[in-house]
>>> print(open('my_file.csv').read())   # CSV, C-alpha atoms
chain,number,residue,atom,x,y,z
Y,221,MET,CA,221.4,148.3,50.4
Y,222,ALA,CA,221.0,147.1,46.9
Y,223,ASP,CA,223.7,144.9,45.3
Y,224,ALA,CA,224.4,146.5,42.0
Y,225,THR,CA,225.9,143.3,40.6
Y,226,LYS,CA,223.0,141.1,41.5
Y,227,THR,CA,220.9,139.7,38.7
Y,228,ILE,CA,217.4,138.7,39.7
Y,229,ARG,CA,216.0,135.9,37.5
Y,230,VAL,CA,212.2,136.5,37.0
Y,231,VAL,CA,209.4,134.2,36.0
Y,232,GLU,CA,206.3,136.0,34.9
Y,233,LEU,CA,203.0,134.1,35.0
Y,234,PHE,CA,199.7,135.1,33.4
Y,235,ALA,CA,201.9,137.7,31.8
Y,236,GLY,CA,199.3,139.6,29.7
Y,237,VAL,CA,201.2,142.2,27.8
Y,238,GLY,CA,204.0,142.3,30.3
Y,239,GLY,CA,202.9,144.7,33.0
Y,240,PHE,CA,205.2,143.2,35.6
Y,241,ARG,CA,208.1,143.0,33.2
Y,242,VAL,CA,207.7,146.6,32.0
Y,243,GLY,CA,207.7,147.9,35.6
Y,244,LEU,CA,210.6,145.8,36.8
Y,245,GLU,CA,212.8,146.6,33.7
Y,246,ARG,CA,211.8,150.3,34.0
Y,247,CYS,CA,213.2,150.1,37.5
Y,248,SER,CA,216.4,148.3,36.4
Y,249,LYS,CA,216.8,146.4,33.2
Y,250,ALA,CA,220.2,145.3,34.4
Y,251,ALA,CA,219.0,143.8,37.6
Y,252,PHE,CA,215.7,142.1,36.5
Y,253,ARG,CA,216.1,139.5,33.8
Y,254,THR,CA,213.0,137.6,32.7
Y,255,VAL,CA,214.1,134.0,32.1
Y,256,TRP,CA,210.6,132.5,31.4
Y,257,ALA,CA,207.0,133.8,31.0
Y,258,ASN,CA,203.6,132.3,30.3
Y,259,GLN,CA,200.6,133.8,28.7
Y,260,TRP,CA,197.6,131.8,27.6
Y,261,GLU,CA,194.0,133.0,27.0
Y,262,PRO,CA,191.7,129.9,26.9
Y,263,GLY,CA,189.4,129.8,24.0
Y,264,GLN,CA,190.9,132.8,22.2
Y,265,ARG,CA,192.1,132.0,18.7
Y,266,GLY,CA,194.2,135.1,18.2
Y,267,GLN,CA,196.1,135.0,21.5
Y,268,TRP,CA,196.4,138.7,21.2
Y,269,ALA,CA,198.2,139.4,24.5
Y,270,TYR,CA,200.8,136.8,23.8
Y,271,GLN,CA,201.4,138.2,20.3
Y,272,CYS,CA,201.9,141.7,21.9
Y,273,TYR,CA,204.2,140.3,24.5
Y,274,THR,CA,206.5,138.5,22.1
Y,275,LYS,CA,206.5,141.4,19.6
Y,276,GLN,CA,207.4,144.0,22.3
Y,277,PHE,CA,210.1,141.9,24.0
Y,278,GLY,CA,211.4,140.3,20.8
Y,279,ALA,CA,214.0,137.5,20.8
Y,280,GLN,CA,214.3,137.8,24.6
Y,281,ALA,CA,210.6,137.3,25.3
Y,282,ASN,CA,211.0,133.8,26.6
Y,283,CYS,CA,207.2,133.5,26.6
Y,284,VAL,CA,205.3,130.2,26.4
Y,285,ASN,CA,201.8,130.2,24.9
Y,286,THR,CA,200.1,127.2,26.5
Y,287,ASP,CA,198.1,126.3,29.6
Y,288,ILE,CA,200.4,126.8,32.6
Y,289,ALA,CA,199.1,123.6,34.3
Y,290,THR,CA,200.7,121.6,31.5
Y,291,VAL,CA,204.2,123.1,31.6
Y,292,ILE,CA,205.0,123.4,35.3
Y,293,ASP,CA,207.9,121.1,34.9
Y,294,ASP,CA,209.3,123.4,32.2
Y,295,VAL,CA,209.6,126.4,34.5
Y,296,PRO,CA,213.3,127.1,35.1
Y,297,ALA,CA,215.1,128.1,38.3
Y,298,HIS,CA,214.4,131.7,39.3
Y,299,ASP,CA,214.7,134.2,42.1
Y,300,LEU,CA,211.4,136.1,41.7
Y,301,LEU,CA,208.0,134.7,40.7
Y,302,VAL,CA,205.5,137.4,39.6
Y,303,GLY,CA,201.9,137.3,38.3
Y,304,GLY,CA,198.4,138.5,38.4
Y,305,PHE,CA,195.9,135.7,38.9
Y,306,PRO,CA,192.1,135.6,39.1
Y,307,CYS,CA,190.1,135.5,42.3
Y,308,GLN,CA,188.5,132.1,42.4
Y,309,ASP,CA,187.3,129.4,44.8
Y,310,TYR,CA,190.6,128.0,46.2
Y,311,SER,CA,189.0,125.4,48.5
Y,312,VAL,CA,190.4,121.9,48.7
Y,313,ALA,CA,189.2,118.4,49.5
Y,314,SER,CA,190.7,115.1,50.7
Y,315,THR,CA,191.1,112.5,48.0
Y,316,GLY,CA,190.5,108.8,48.4
Y,317,ALA,CA,194.1,108.3,49.1
Y,318,LYS,CA,193.9,110.8,51.9
Y,319,GLY,CA,195.9,113.4,50.0
Y,320,ILE,CA,194.7,117.0,49.4
Y,321,GLU,CA,193.5,118.2,46.0
Y,322,GLY,CA,192.5,121.7,45.0
Y,323,LYS,CA,189.8,122.6,42.5
Y,324,LYS,CA,190.9,121.8,39.0
Y,325,GLY,CA,191.5,124.7,36.6
Y,326,VAL,CA,192.2,127.1,39.5
Y,327,LEU,CA,195.4,129.0,38.7
Y,328,TRP,CA,196.5,129.3,42.3
Y,329,TRP,CA,197.4,125.7,42.4
Y,330,SER,CA,199.8,126.1,39.4
Y,331,ILE,CA,201.5,128.9,41.3
Y,332,ASP,CA,201.7,126.8,44.4
Y,333,ALA,CA,203.1,123.9,42.4
Y,334,ILE,CA,205.8,126.1,40.9
Y,335,ILE,CA,206.7,127.5,44.4
Y,336,GLN,CA,207.1,124.0,45.7
Y,337,LYS,CA,209.2,122.8,42.8
Y,338,ARG,CA,211.5,125.8,42.3
Y,339,ARG,CA,211.5,127.6,45.8
Y,340,PRO,CA,212.1,131.1,44.5
Y,341,SER,CA,213.4,133.6,47.1
Y,342,TYR,CA,210.6,136.0,46.4
Y,343,VAL,CA,207.0,135.9,45.1
Y,344,LEU,CA,205.1,139.0,44.1
Y,345,LEU,CA,201.4,138.6,43.1
Y,346,GLU,CA,198.5,140.8,42.2
Y,347,ASN,CA,194.8,140.1,42.6
Y,348,VAL,CA,191.5,142.0,43.0
Y,349,ASP,CA,190.8,143.7,46.3
Y,350,ARG,CA,187.8,141.4,47.1
Y,351,LEU,CA,190.3,138.5,47.4
Y,352,LEU,CA,190.6,139.3,51.1
Y,353,LYS,CA,186.8,138.8,51.6
Y,354,SER,CA,186.0,135.9,49.4
Y,355,PRO,CA,183.9,133.8,49.4
Y,356,ALA,CA,180.9,135.8,50.7
Y,357,LYS,CA,179.6,132.9,52.8
Y,358,GLN,CA,183.0,132.3,54.5
Y,359,ARG,CA,184.8,135.6,54.5
Y,360,GLY,CA,188.6,135.4,54.3
Y,361,ARG,CA,188.8,131.6,53.6
Y,362,ASP,CA,190.4,131.9,50.1
Y,363,PHE,CA,193.1,134.3,51.3
Y,364,GLY,CA,193.6,132.1,54.3
Y,365,ILE,CA,194.3,129.2,52.0
Y,366,ILE,CA,196.9,131.2,50.1
Y,367,LEU,CA,198.6,132.2,53.4
Y,368,LYS,CA,198.5,128.7,54.7
Y,369,CYS,CA,200.1,127.4,51.4
Y,370,LEU,CA,202.9,129.9,51.7
Y,371,HIS,CA,203.4,129.2,55.3
Y,372,ASP,CA,203.7,125.5,54.7
Y,373,ARG,CA,206.3,126.2,51.9
Y,374,GLY,CA,208.4,128.2,54.3
Y,375,TYR,CA,207.6,131.8,53.4
Y,376,GLY,CA,206.8,135.0,55.3
Y,377,VAL,CA,204.1,137.2,53.7
Y,378,GLU,CA,203.1,140.8,53.5
Y,379,TRP,CA,200.1,142.2,51.7
Y,380,ARG,CA,198.6,145.6,50.9
Y,381,VAL,CA,195.5,146.7,49.1
Y,382,ILE,CA,196.8,149.7,47.0
Y,383,ASN,CA,194.7,152.2,45.2
Y,384,ALA,CA,197.0,153.5,42.4
Y,385,ALA,CA,195.6,157.0,42.6
Y,386,ASP,CA,196.6,157.2,46.3
Y,387,TYR,CA,200.2,157.3,45.2
Y,388,GLY,CA,200.1,159.8,42.3
Y,389,ASN,CA,198.9,157.6,39.5
Y,390,VAL,CA,196.2,158.5,37.0
Y,391,GLN,CA,193.7,155.8,37.8
Y,392,ARG,CA,191.6,154.9,40.9
Y,393,ARG,CA,192.4,151.2,40.8
Y,394,ARG,CA,192.4,149.1,44.0
Y,395,ARG,CA,194.3,145.8,43.9
Y,396,THR,CA,195.7,143.4,46.4
Y,397,PHE,CA,199.4,142.9,46.2
Y,398,ILE,CA,201.1,139.9,48.0
Y,399,PHE,CA,204.8,139.8,48.6
Y,400,ALA,CA,206.3,136.6,50.0
Y,401,TYR,CA,209.9,135.9,51.0
Y,402,ARG,CA,211.5,132.6,51.7
Y,403,ASP,CA,212.9,131.8,55.1
Y,404,THR,CA,216.5,131.9,53.7
Y,405,THR,CA,216.3,135.6,52.7
Y,406,ALA,CA,217.5,138.6,54.6
Y,407,GLN,CA,213.9,140.0,54.4
Y,408,TYR,CA,212.6,137.0,56.4
Y,409,GLY,CA,215.3,137.5,59.0
Y,410,ARG,CA,214.6,141.2,59.3
Y,411,ALA,CA,210.9,140.6,59.7
Y,412,ALA,CA,211.5,138.0,62.4
Y,413,GLN,CA,213.7,140.4,64.4
Y,414,ALA,CA,211.4,143.4,64.0
Y,415,LEU,CA,208.2,141.5,64.8
Y,416,SER,CA,209.8,140.0,67.9
Y,417,ALA,CA,211.1,143.4,69.1
Y,418,ASP,CA,208.5,145.9,68.1
Y,419,GLY,CA,205.3,143.9,67.2
Y,420,ALA,CA,203.5,143.7,63.9
Y,421,LEU,CA,202.1,147.2,63.5
Y,422,PRO,CA,205.4,149.0,63.1
Y,423,TRP,CA,206.5,146.4,60.5
Y,424,ILE,CA,203.4,146.8,58.2
Y,425,ALA,CA,203.1,150.6,58.8
Y,426,GLN,CA,206.8,151.7,58.7
Y,427,GLN,CA,209.5,149.1,58.3
Y,428,GLY,CA,208.2,146.4,55.9
Y,429,PHE,CA,208.2,146.0,52.2
Y,430,PHE,CA,205.0,147.8,51.3
Y,431,ALA,CA,205.3,150.4,54.1
Y,432,GLN,CA,208.6,151.7,52.6
Y,433,ALA,CA,207.4,151.7,49.0
Y,434,PHE,CA,203.9,153.1,49.8
Y,435,PRO,CA,204.0,155.2,52.9
Y,436,VAL,CA,201.0,155.1,55.3
Y,437,ASP,CA,200.0,156.7,58.6
Y,438,ALA,CA,201.7,155.1,61.6
Y,439,GLN,CA,198.4,154.3,63.3
Y,440,PRO,CA,195.6,152.3,61.8
Y,441,ASP,CA,192.1,153.5,60.9
Y,442,GLY,CA,190.1,153.4,64.1
Y,443,LYS,CA,186.9,152.4,62.4
Y,444,LYS,CA,188.2,148.9,61.7
Y,445,LYS,CA,190.1,147.1,64.5
Y,446,PRO,CA,193.3,145.1,63.7
Y,447,THR,CA,192.8,141.4,63.6
Y,448,THR,CA,195.0,138.4,64.4
Y,449,VAL,CA,194.9,134.7,63.2
Y,450,ASP,CA,197.1,131.8,64.1
Y,451,LEU,CA,197.3,129.4,61.1
Y,452,GLY,CA,199.2,127.0,63.3
Y,453,GLY,CA,195.8,126.0,64.7
Y,454,TYR,CA,194.8,124.5,61.3
Y,455,ALA,CA,196.2,121.0,60.7
Y,456,ASP,CA,196.1,121.3,56.9
Y,457,LEU,CA,194.3,123.0,53.9
Y,458,VAL,CA,191.2,120.9,54.4
Y,459,ALA,CA,190.8,122.3,57.9
Y,460,VAL,CA,191.2,125.8,56.5
Y,461,THR,CA,188.6,125.1,53.8
Y,462,ASN,CA,186.1,123.7,56.3
Y,463,ASP,CA,186.6,126.0,59.3
Y,464,PHE,CA,188.6,129.2,58.5
Y,465,GLN,CA,186.9,132.6,58.6
Y,466,ALA,CA,188.6,135.9,59.3
Y,467,ALA,CA,188.4,139.7,58.7
Y,468,PHE,CA,191.5,140.6,56.8
Y,469,ARG,CA,192.2,144.4,56.6
Y,470,ASN,CA,194.0,146.2,53.8
Y,471,ALA,CA,197.5,145.6,55.1
Y,472,GLY,CA,199.1,142.7,57.0
Y,473,VAL,CA,201.9,140.3,57.7
Y,474,MET,CA,202.2,136.6,58.2
Y,475,HIS,CA,205.3,135.2,59.9
Y,476,GLY,CA,205.6,131.7,61.5
Y,477,GLY,CA,201.9,131.1,60.8
Y,478,ARG,CA,200.9,134.1,62.9
Y,479,VAL,CA,198.8,136.7,61.0
Y,480,TYR,CA,198.2,140.3,61.8
Y,481,SER,CA,196.3,142.8,59.7
Y,482,ALA,CA,195.2,146.4,60.1
Y,483,GLU,CA,193.4,149.1,58.1
Y,484,LEU,CA,196.0,151.6,57.0
Y,485,ARG,CA,195.6,155.0,55.4
Y,486,PRO,CA,197.9,156.3,52.6
Y,487,ALA,CA,200.3,159.1,53.5
Y,488,TYR,CA,201.3,160.3,50.1
Y,489,THR,CA,202.4,163.9,49.7
Y,490,GLY,CA,203.4,164.1,46.0
Y,491,ARG,CA,201.4,165.3,43.0
Y,492,CYS,CA,198.1,163.5,42.2
Y,493,GLY,CA,197.8,162.1,38.7
Y,494,LEU,CA,194.9,163.4,36.7
Y,495,LEU,CA,193.0,162.0,33.7
Y,496,GLY,CA,193.8,165.2,31.9
Y,497,ASP,CA,197.5,164.3,32.1
Y,498,VAL,CA,197.0,161.6,29.5
Y,499,VAL,CA,194.4,163.1,27.3
Y,500,THR,CA,195.8,164.2,23.9
Y,501,ASP,CA,195.6,167.8,22.6
Y,502,ALA,CA,195.9,166.4,19.0
Y,503,PRO,CA,193.1,165.7,16.6
Y,504,VAL,CA,191.3,162.4,17.3
Y,505,PRO,CA,189.6,160.2,14.6
Y,506,ASP,CA,185.9,160.7,14.2
Y,507,ARG,CA,185.1,157.1,15.3
Y,508,TYR,CA,185.7,157.9,18.9
Y,509,PHE,CA,183.1,160.7,19.1
Y,510,ILE,CA,179.6,160.2,20.4
Y,511,PRO,CA,177.0,160.9,17.7
Y,512,ASP,CA,174.3,163.4,18.7
Y,513,ASP,CA,171.6,160.8,18.4
Y,514,GLN,CA,173.3,158.6,21.0
Y,515,ARG,CA,173.8,161.3,23.6
Y,516,GLU,CA,170.4,160.5,25.3
Y,517,LYS,CA,171.4,156.8,25.6
Y,518,TRP,CA,174.7,157.7,27.3
Y,519,VAL,CA,172.8,160.1,29.7
Y,520,TYR,CA,170.6,157.2,30.7
Y,521,LEU,CA,173.6,154.7,31.1
Y,522,LYS,CA,175.5,157.2,33.3
Y,523,GLY,CA,172.5,158.3,35.4
Y,524,ALA,CA,171.0,157.0,38.7
Y,525,LYS,CA,168.4,154.2,38.4
Y,526,ARG,CA,165.9,152.5,40.6
Y,527,ILE,CA,164.2,149.8,38.7
Y,528,GLU,CA,161.7,147.2,40.0
Y,529,ARG,CA,162.6,143.7,38.7
Y,530,VAL,CA,161.6,140.1,39.3
Y,531,SER,CA,164.3,137.4,39.7
Y,532,LYS,CA,164.2,134.0,37.8
Y,533,GLN,CA,162.9,132.5,41.1
Y,534,GLY,CA,159.9,135.0,41.1
Y,535,PHE,CA,161.2,137.3,43.8
Y,536,ALA,CA,160.6,141.0,43.4
Y,537,TYR,CA,163.6,143.3,44.0
Y,538,ARG,CA,164.8,146.8,43.2
Y,539,PHE,CA,167.8,147.3,41.0
Y,540,VAL,CA,169.7,150.5,42.1
Y,541,GLU,CA,172.6,152.3,40.5
Y,542,GLY,CA,174.2,155.6,41.4
Y,543,THR,CA,175.2,158.4,39.1
Y,544,ILE,CA,178.5,158.4,37.2
Y,545,ALA,CA,180.0,161.7,36.1
Y,546,PHE,CA,179.2,162.5,32.5
Y,547,PRO,CA,181.5,163.5,31.0
Y,548,ASP,CA,184.4,162.3,33.2
Y,549,PRO,CA,186.3,165.3,34.7
Y,550,LEU,CA,189.8,165.8,33.5
Y,551,ASP,CA,190.9,167.3,36.8
Y,552,ARG,CA,190.5,164.1,38.8
Y,553,PRO,CA,192.1,160.6,38.4
Y,554,ALA,CA,190.3,158.2,36.0
Y,555,ARG,CA,187.9,155.7,37.4
Y,556,THR,CA,188.8,152.0,37.4
Y,557,MET,CA,189.2,150.9,33.9
Y,558,LEU,CA,187.3,147.7,33.1
Y,559,THR,CA,187.5,145.2,30.2
Y,560,SER,CA,184.3,146.8,28.8
Y,561,GLU,CA,186.2,150.1,28.2
Y,562,GLY,CA,185.5,151.5,24.7
Y,563,THR,CA,182.1,149.8,24.4
Y,564,THR,CA,178.7,151.4,24.8
Y,565,ASN,CA,178.7,150.7,28.5
Y,566,ARG,CA,178.1,152.6,31.7
Y,567,SER,CA,181.7,152.0,32.8
Y,568,THR,CA,183.3,153.4,29.7
Y,569,HIS,CA,185.0,156.8,30.2
Y,570,ILE,CA,183.5,159.7,28.2
Y,571,ILE,CA,185.4,162.9,28.1
Y,572,CYS,CA,185.1,166.3,26.5
Y,573,ASP,CA,187.6,166.5,23.6
Y,574,ARG,CA,190.1,169.3,24.1
Y,575,GLN,CA,190.2,170.3,20.5
Y,576,THR,CA,186.6,170.2,19.5
Y,577,GLY,CA,184.6,170.3,22.7
Y,578,ARG,CA,182.6,167.2,21.6
Y,579,LEU,CA,182.1,164.2,23.7
Y,580,ARG,CA,184.2,161.1,23.0
Y,581,ARG,CA,185.6,157.8,24.2
Y,582,LEU,CA,189.2,157.5,25.3
Y,583,THR,CA,191.6,156.3,22.6
Y,584,PRO,CA,193.5,153.0,23.2
Y,585,GLU,CA,196.7,155.1,23.6
Y,586,GLU,CA,195.1,157.2,26.3
Y,587,CYS,CA,194.1,153.9,28.1
Y,588,GLU,CA,197.6,152.6,27.9
Y,589,GLN,CA,198.9,155.7,29.5
Y,590,ILE,CA,196.3,155.5,32.3
Y,591,ASN,CA,198.0,152.1,33.2
Y,592,GLY,CA,201.4,153.6,32.8
Y,593,PHE,CA,202.3,151.8,29.6
Y,594,PRO,CA,204.0,153.6,26.7
Y,595,PRO,CA,201.4,154.9,24.2
Y,596,GLY,CA,201.0,152.4,21.3
Y,597,TRP,CA,202.1,149.4,23.5
Y,598,THR,CA,199.2,147.3,22.3
Y,599,ASP,CA,199.3,148.6,18.7
Y,600,THR,CA,200.7,145.3,17.4
Y,601,GLY,CA,198.0,144.2,15.0
Y,602,MET,CA,195.3,143.1,17.4
Y,603,PRO,CA,191.7,144.3,17.0
Y,604,GLU,CA,191.0,147.7,18.7
Y,605,ARG,CA,188.4,146.1,20.9
Y,606,GLN,CA,191.1,143.8,22.3
Y,607,ARG,CA,193.4,146.8,23.0
Y,608,TYR,CA,190.7,148.1,25.4
Y,609,PHE,CA,190.0,144.7,26.9
Y,610,ILE,CA,193.7,144.1,27.6
Y,611,MET,CA,194.1,147.4,29.3
Y,612,GLY,CA,191.0,146.6,31.5
Y,613,ASN,CA,192.9,143.6,32.7
Y,614,ALA,CA,196.4,145.2,33.0
Y,615,LEU,CA,198.5,146.3,35.9
Y,616,VAL,CA,199.3,149.9,36.8
Y,617,VAL,CA,203.0,149.7,35.8
Y,618,PRO,CA,204.4,152.5,38.0
Y,619,LEU,CA,203.3,150.5,41.1
Y,620,VAL,CA,205.4,147.6,40.0
Y,621,GLU,CA,208.3,149.9,39.3
Y,622,ARG,CA,208.2,151.1,42.9
Y,623,MET,CA,208.1,147.5,44.2
Y,624,GLY,CA,211.1,146.6,42.1
Y,625,ALA,CA,213.1,149.5,43.6
Y,626,GLN,CA,212.1,148.4,47.1
Y,627,LEU,CA,213.1,144.8,46.4
Y,628,LEU,CA,216.5,145.9,45.2
Y,629,SER,CA,217.0,148.0,48.3
Y,630,SER,CA,216.1,144.9,50.4
Y,631,LEU,CA,218.7,142.5,49.0
>>> encode(input="my_file.csv", output="structure tokens")
Amino acid sequence: MADATKTIRVVELFAGVGGFRVGLERCSKAAFRTVWANQWEPGQRGQWAYQCYTKQFGAQANCVNTDIATVIDDVPAHDLLVGGFPCQDYSVASTGAKGIEGKKGVLWWSIDAIIQKRRPSYVLLENVDRLLKSPAKQRGRDFGIILKCLHDRGYGVEWRVINAADYGNVQRRRRTFIFAYRDTTAQYGRAAQALSADGALPWIAQQGFFAQAFPVDAQPDGKKKPTTVDLGGYADLVAVTNDFQAAFRNAGVMHGGRVYSAELRPAYTGRCGLLGDVVTDAPVPDRYFIPDDQREKWVYLKGAKRIERVSKQGFAYRFVEGTIAFPDPLDRPARTMLTSEGTTNRSTHIICDRQTGRLRRLTPEECEQINGFPPGWTDTGMPERQRYFIMGNALVVPLVERMGAQLLSSL
């Protein structure tokens, strides 16, 4: 049961405009207190996400606007480390002094350094769904490195690939969430007992962190067999880099170096969120509408294509794209929103305006609501193009809210 008097000190890395913080504070502002945050966009003069974060959270923002790798020693003690980090090449190599060194500039190693230094009780991270399969030439290696790091630091781990629309949200957005808990926590002890008594499948399908927050069928999808890995067979991260390969499914657990994963299907019975839920009935400024002379261009962008091309190396190939609905239906969840949203791009949502019947782009406020932010959250003086870009990078906030509630119930 949750401890109503417990204050969880949070550090938010790669904070963007505060998706983790908004979700956790929406769950319980009294329980979750952000003591430090970091947001830095390399090469961006305006630092728009940082400006939005500090304006929205005011004097209590506690946000540092510099490269995280340069301020690791400044990160204070905390209970929960959160952040969304990019999918990159996490491989390592032996140094001349027989130490181990990760690729420079890769943000995972900053996360790992903070975990080693501060030893938070819990870690909650977000990444793209392809993390489980990268790199293409050695499937699963990068995620294997992350699991090995967390195992070596004394953590148990659960993960789940969650499509936000599968749990009632407005957007079809698939992301990998990783929840790690230190070996001193009650969650670690519960996992150890349950895994020993019942095996791994009941834990990831019914008893564990993600299973309780995001229900699934008790039995895995039969099309993809569960997989197991023993990280204890790898001496260090160099061995994982050189030799590791595994098929990770969309849900799994690692405990004591032993990894089990299975393909699980959502078992949500509530109302499905629809794009029409966030589309305004009010008048929309004319700049969002598609001019008649551009309609043909949009039809082409959204349509199917089979184009013969030649690569730079001189090889002929066929470029193929499928059809995207045009306009986007309001009685279905939105497609995955990308950073190109709002531009003249195939991925941009085009809808039929409710008041005029004309075709138009979504407004920034509608995009914010697709991700579960309050409308106007990014209306803090940044260019409109940046408002779209930031929402293309953002979390779906209600998912974090659910995870916060589950964490409180696990204390």
>>> residues_around(input="my_file.csv", residues="Ala459 (chain Y)", least_positions_apart="4", cutoff="10 Å", atoms="all atoms listed in the file", output="MDAnalysis selection string")
chainID Y and resid 312:313 365 453:455 463:464
>>> residues_near_point(input="my_file.csv", point="(184.0, 165.2, 16.9)", cutoff="8 Å", atoms="all atoms listed in the file", output="list in words")
Val504, Pro505, Asp506, Tyr508, Phe509, Ile510, Asp573, Thr576, Gly577, Arg578, Leu579 and Arg580 of chain Y
>>> closest_residue(input="my_file.csv", among="Y:Ile424, Y:Val381, Y:Cys572, Y:Ile610", to="Val348 (chain Y)", atoms="only C-alpha atoms")
Y:Val381
>>> closest_residue(input="my_file.csv", among="Y:Leu352, Y:Ala524, Y:Cys247, Y:Ala385", to="Gln626 (chain Y)", atoms="only C-alpha atoms")
Y:Cys247
>>> residues_around(input="my_file.csv", residues="Arg393 (chain Y)", least_positions_apart="4", cutoff="6 Å", atoms="only C-alpha atoms", output="list in words")
Asn383, Ala384 and Thr556 of chain Y
>>> write_last_selection(input="my_file.csv", atoms="C-alpha atoms", output="compact mmCIF listing (two decimals), in the frame of the given file")
# COMPACT_ATOMS: atom_id res chain seq x y z
CA ASN Y 383 194.70 152.20 45.20
CA ALA Y 384 197.00 153.50 42.40
CA THR Y 556 188.80 152.00 37.40
>>> closest_residue(input="my_file.csv", among="Y:Ala614, Y:Val390, Y:Leu628, Y:Leu370", to="Asp403 (chain Y)", atoms="only C-alpha atoms")
Y:Leu370
>>> build_atoms(input="my_file.csv", residues="region 426-439 of chain Y", atoms="N, CA and C atoms", output="mmCIF file, in the coordinates of the input")
data_model
loop_
_atom_site.group_PDB
_atom_site.id
_atom_site.type_symbol
_atom_site.label_atom_id
_atom_site.label_comp_id
_atom_site.auth_asym_id
_atom_site.auth_seq_id
_atom_site.Cartn_x
_atom_site.Cartn_y
_atom_site.Cartn_z
ATOM 1 N N GLN Y 426 205.571 150.898 58.888
ATOM 2 C CA GLN Y 426 206.800 151.700 58.700
ATOM 3 C C GLN Y 426 207.980 150.989 58.182
ATOM 4 N N GLN Y 427 208.188 149.726 58.583
ATOM 5 C CA GLN Y 427 209.500 149.100 58.300
ATOM 6 C C GLN Y 427 209.420 148.068 57.163
ATOM 7 N N GLY Y 428 208.274 147.501 56.863
ATOM 8 C CA GLY Y 428 208.200 146.400 55.900
ATOM 9 C C GLY Y 428 208.255 146.792 54.467
ATOM 10 N N PHE Y 429 208.092 145.804 53.601
ATOM 11 C CA PHE Y 429 208.200 146.000 52.200
ATOM 12 C C PHE Y 429 207.281 147.041 51.620
ATOM 13 N N PHE Y 430 205.999 146.865 51.839
ATOM 14 C CA PHE Y 430 205.000 147.800 51.300
ATOM 15 C C PHE Y 430 205.046 149.140 52.003
ATOM 16 N N ALA Y 431 205.319 149.126 53.304
ATOM 17 C CA ALA Y 431 205.300 150.400 54.100
ATOM 18 C C ALA Y 431 206.386 151.340 53.546
ATOM 19 N N GLN Y 432 207.522 150.807 53.124
ATOM 20 C CA GLN Y 432 208.600 151.700 52.600
ATOM 21 C C GLN Y 432 208.335 152.137 51.197
ATOM 22 N N ALA Y 433 207.705 151.296 50.413
ATOM 23 C CA ALA Y 433 207.400 151.700 49.000
ATOM 24 C C ALA Y 433 206.185 152.564 48.921
ATOM 25 N N PHE Y 434 205.214 152.349 49.813
ATOM 26 C CA PHE Y 434 203.900 153.100 49.800
ATOM 27 C C PHE Y 434 203.610 153.542 51.172
ATOM 28 N N PRO Y 435 204.090 154.735 51.554
ATOM 29 C CA PRO Y 435 204.000 155.200 52.900
ATOM 30 C C PRO Y 435 202.500 155.287 53.407
ATOM 31 N N VAL Y 436 202.310 155.001 54.692
ATOM 32 C CA VAL Y 436 201.000 155.100 55.300
ATOM 33 C C VAL Y 436 201.126 155.759 56.673
ATOM 34 N N ASP Y 437 199.979 156.145 57.245
ATOM 35 C CA ASP Y 437 200.000 156.700 58.600
ATOM 36 C C ASP Y 437 200.461 155.601 59.571
ATOM 37 N N ALA Y 438 201.124 156.020 60.623
ATOM 38 C CA ALA Y 438 201.700 155.100 61.600
ATOM 39 C C ALA Y 438 200.624 154.328 62.371
ATOM 40 N N GLN Y 439 199.456 154.946 62.522
ATOM 41 C CA GLN Y 439 198.400 154.300 63.300
ATOM 42 C C GLN Y 439 197.261 153.888 62.364
#
